[in-house]
Structure formats: C-alpha cells, structure tokens
Amino acid sequence: VGELKVGALDDGGAVASTADGAVVVTYEWEGVPADAVRALEARGAVVRPGARPLEVAQDRLAEKELFSRLGIGTAPYAAVDDRPGLDDALARVGGPPAILKTRRGGYDGKGQCRIDSYGEVDGAWDALGGPGLVLEGFVAFDRELSVVAVRAVDGEVRAWPLAENRHRDGILRVTRAPSPFVDAATQAAGEEIGRLVADELGHVGVLAVELFAADGRLLANELAPRVHNSGHWTIEGAETSQFENHLRAILGLPLGSTAPRAASAMVNCIGVLPDRHEILAVPGAHLYDYGKPARPGRKVGHVTVTAPTEHDLAPRLAEVEAIIERAG
Ligand code: AMP
C-alpha cells in the first residue's frame, strides 16, 4: 500500500510527490486538473488514464463534440457564450424544452437550468448566464442507461451489462443491472459506444458513458473517465468488479470477466444513511458507508442488493428503497 499524501491538487510539489516511487498513478475523480496530470506525465510518470480523458470529460461541449465525431448520437446541442447566442442556440436545438448547462463544473444536476418555454429564457440566463455554456434539446427518453467499460494497455475493451439508472433531482438514486429492458442489440450498441470512446481517448482503466434510450436508439449524454456510481453493483453482482478491473487495467494485468453473477441493484443513500440493522436484514443486501458527515443531497453511502433472478430481486429492491426512503 502506498503512503498517504495529503495536499492541494494545484500544489505542483504535492502532486509530483504522489508519483515518487509509484509504478503507476491513477485518479478516481474527474475534477483533478488536467494540468496536474500533464505535469506528472512530463516528469515521466505513468498516469492511467492520462490527461486527455480528463480534459474531454471536464467540458460538456468537448464531450458532445467527441461523441458526434465518433458517430454516436447525442441530444441536439449548441454552444452558448452570450445572451444573443442563447436565442440562436435555442433555434438550433429546435426550441424549448431545452436544458442550459455550464460546460464546466456541473455535477449531480448542478449548473443546469431547464427552459420549458420562451418565457423562461431570461430567467435561465439570469441563473447561469455568462460564457462557457451549452444548450441541449430535452430528450424525452424512455430510460436512462449507462455503459461501464474497461480498456487494457493492449487495447482490449470489456463492458459490463448495461445498467439502468433512475435519477431524482438530477442525482442517481437506483441502478439495476443487468437491466431487464436491455436486449442483446441494445447491449451491443452500448458496448460499441464504450469501445469507440475508450479507443479514441487511448483510455486505460474504467470509464462510463451515461446514455439515454429514446425511440430504440442510444444517445450519449456524459462521459466519466473513472469508476462510476452506476458500476458499484459490480462488487457483488459481477465476476470482476469495476474497481478490480480498473486496477488490473492500469497495472497491465489481464482483465477479469465482466459477466454478471446475479440480478443486482444499487440504491444510493442521499443525505443520510439508513438503519443498518434494517438494511442488513434484507436478503442479499450489502451496505457501504462512505464515512462522510450527513448533508442534504450528498451521497453518503450505497446499498447493493442481489438475487438469483430478476423476479426474486424485485421485492428485495422495493424493501431496500423503502428503508432508505424512511431514513430521509
Ligand atoms: P447530467 O448532469 O448531464 O448527467 O444531467 C443530470 C440528469 O438530468 C440526467 O441524468 C437526466 O436525467 C437529466 N438530463 C440531462 N440532460 C438532459 C437532456 N438533454 N434531456 C433530458 N434529460 C436530461
């Protein structure tokens, strides 16, 4: 185990010291400044994944442009840098409903403003206005899915069964995987998206692409160049977890199987943790406590629940959700 080093990410010396004696450096948060990674690379450190996946994932416009370049569908989008530009962008995405988003720094639904009618345009500009925005047409999706994939040093890519995600207030609440709504063709299409993106970025390690399933098509929404919340179910639910395969990938080891072991679901604990006695009394349930102080809207833990079949999973998941709801 490496030595714990604590320092600011914009402190060049502190960042550089993380690479001292390290075989490989990795990150699991896309807020890491790409410059810090570039500086490590310039000193000869092996950083996997590198700076490029970070740069793209930190900018919603760059993400969308990457998807478009690869022939992957997205919501209609347009860059916005000033107030007249918002009117132009709205025309380009086909009018309201649309979502105005900051290109940088948004997460869990933050930095976003929905525009449902022309009368709401000024309000959205007042809320977020300034350069560095992107406007997206609203996608009336059937479901939200994600593909979590891992790419090895030699370019091999493996993907887990697509996860089906349910959000509330812009925050992921529940993931189910394998999703009963994902057929073989959708799985193949999702895996292809993961492979195209990982190859294009020269990514080594785990990445996730958040998807909308709409009218039988998959549209890409966002890229996460790291292990992902919608992949937490893999700890109990897959032959090899996303965490293990990330380590295997960055260390140049053979990838493990991404096959499912069970019908699985993951429920986030938002704000507070549920009663652990109640949760652990549910068959197949496992509780993860992140050890963070309770705070509204914050992910403080999650519960994974598995069952031999989809049919057996449904009541267990309902029970876990009810316990978590009661906790607040
Ligand atoms: P994001 O931060 O882009 O992941 O957005 C958070 C959530 O807002 C998504 O998971 C969707 O539920 C919703 N959302 C974001 N963009 C769109 C869109 N263009 N159309 C419909 N829903 C969206």
# chains A, B, ... in the order shown; residues from 1 in each chain; ligands from 1
>>> residues_near_ligand(ligand="ligand 1", cutoff="9 Å", atoms="only C-alpha atoms and all ligand atoms", output="number ranges by chain")
A: 60, 74-77, 97-101, 106-112, 114, 135-141, 144, 165-172, 210-212, 221-223
>>> select_by_dssp(residues="stretch 120-296 of chain A", states="strand (DSSP E)", output="MDAnalysis selection string")
chainID A and resid 133:137 143:151 157:159 163:168 171:177 205:214 217:224 263:270 285:289
>>> select_by_dssp(residues="stretch 63-232 of chain A", states="alpha helix (DSSP H)", output="PyMOL selection string")
chain A and resi 63-69+83-92+121-128+184-201
>>> atom_distance(atom1="atom CA of A:Arg261", atom2="atom CA of A:Ala238")
4.9 Å
>>> closest_residue(among="A:Glu244, A:Glu55, A:Glu191, A:Asp183", to="A:Arg158", atoms="only C-alpha atoms")
A:Glu191
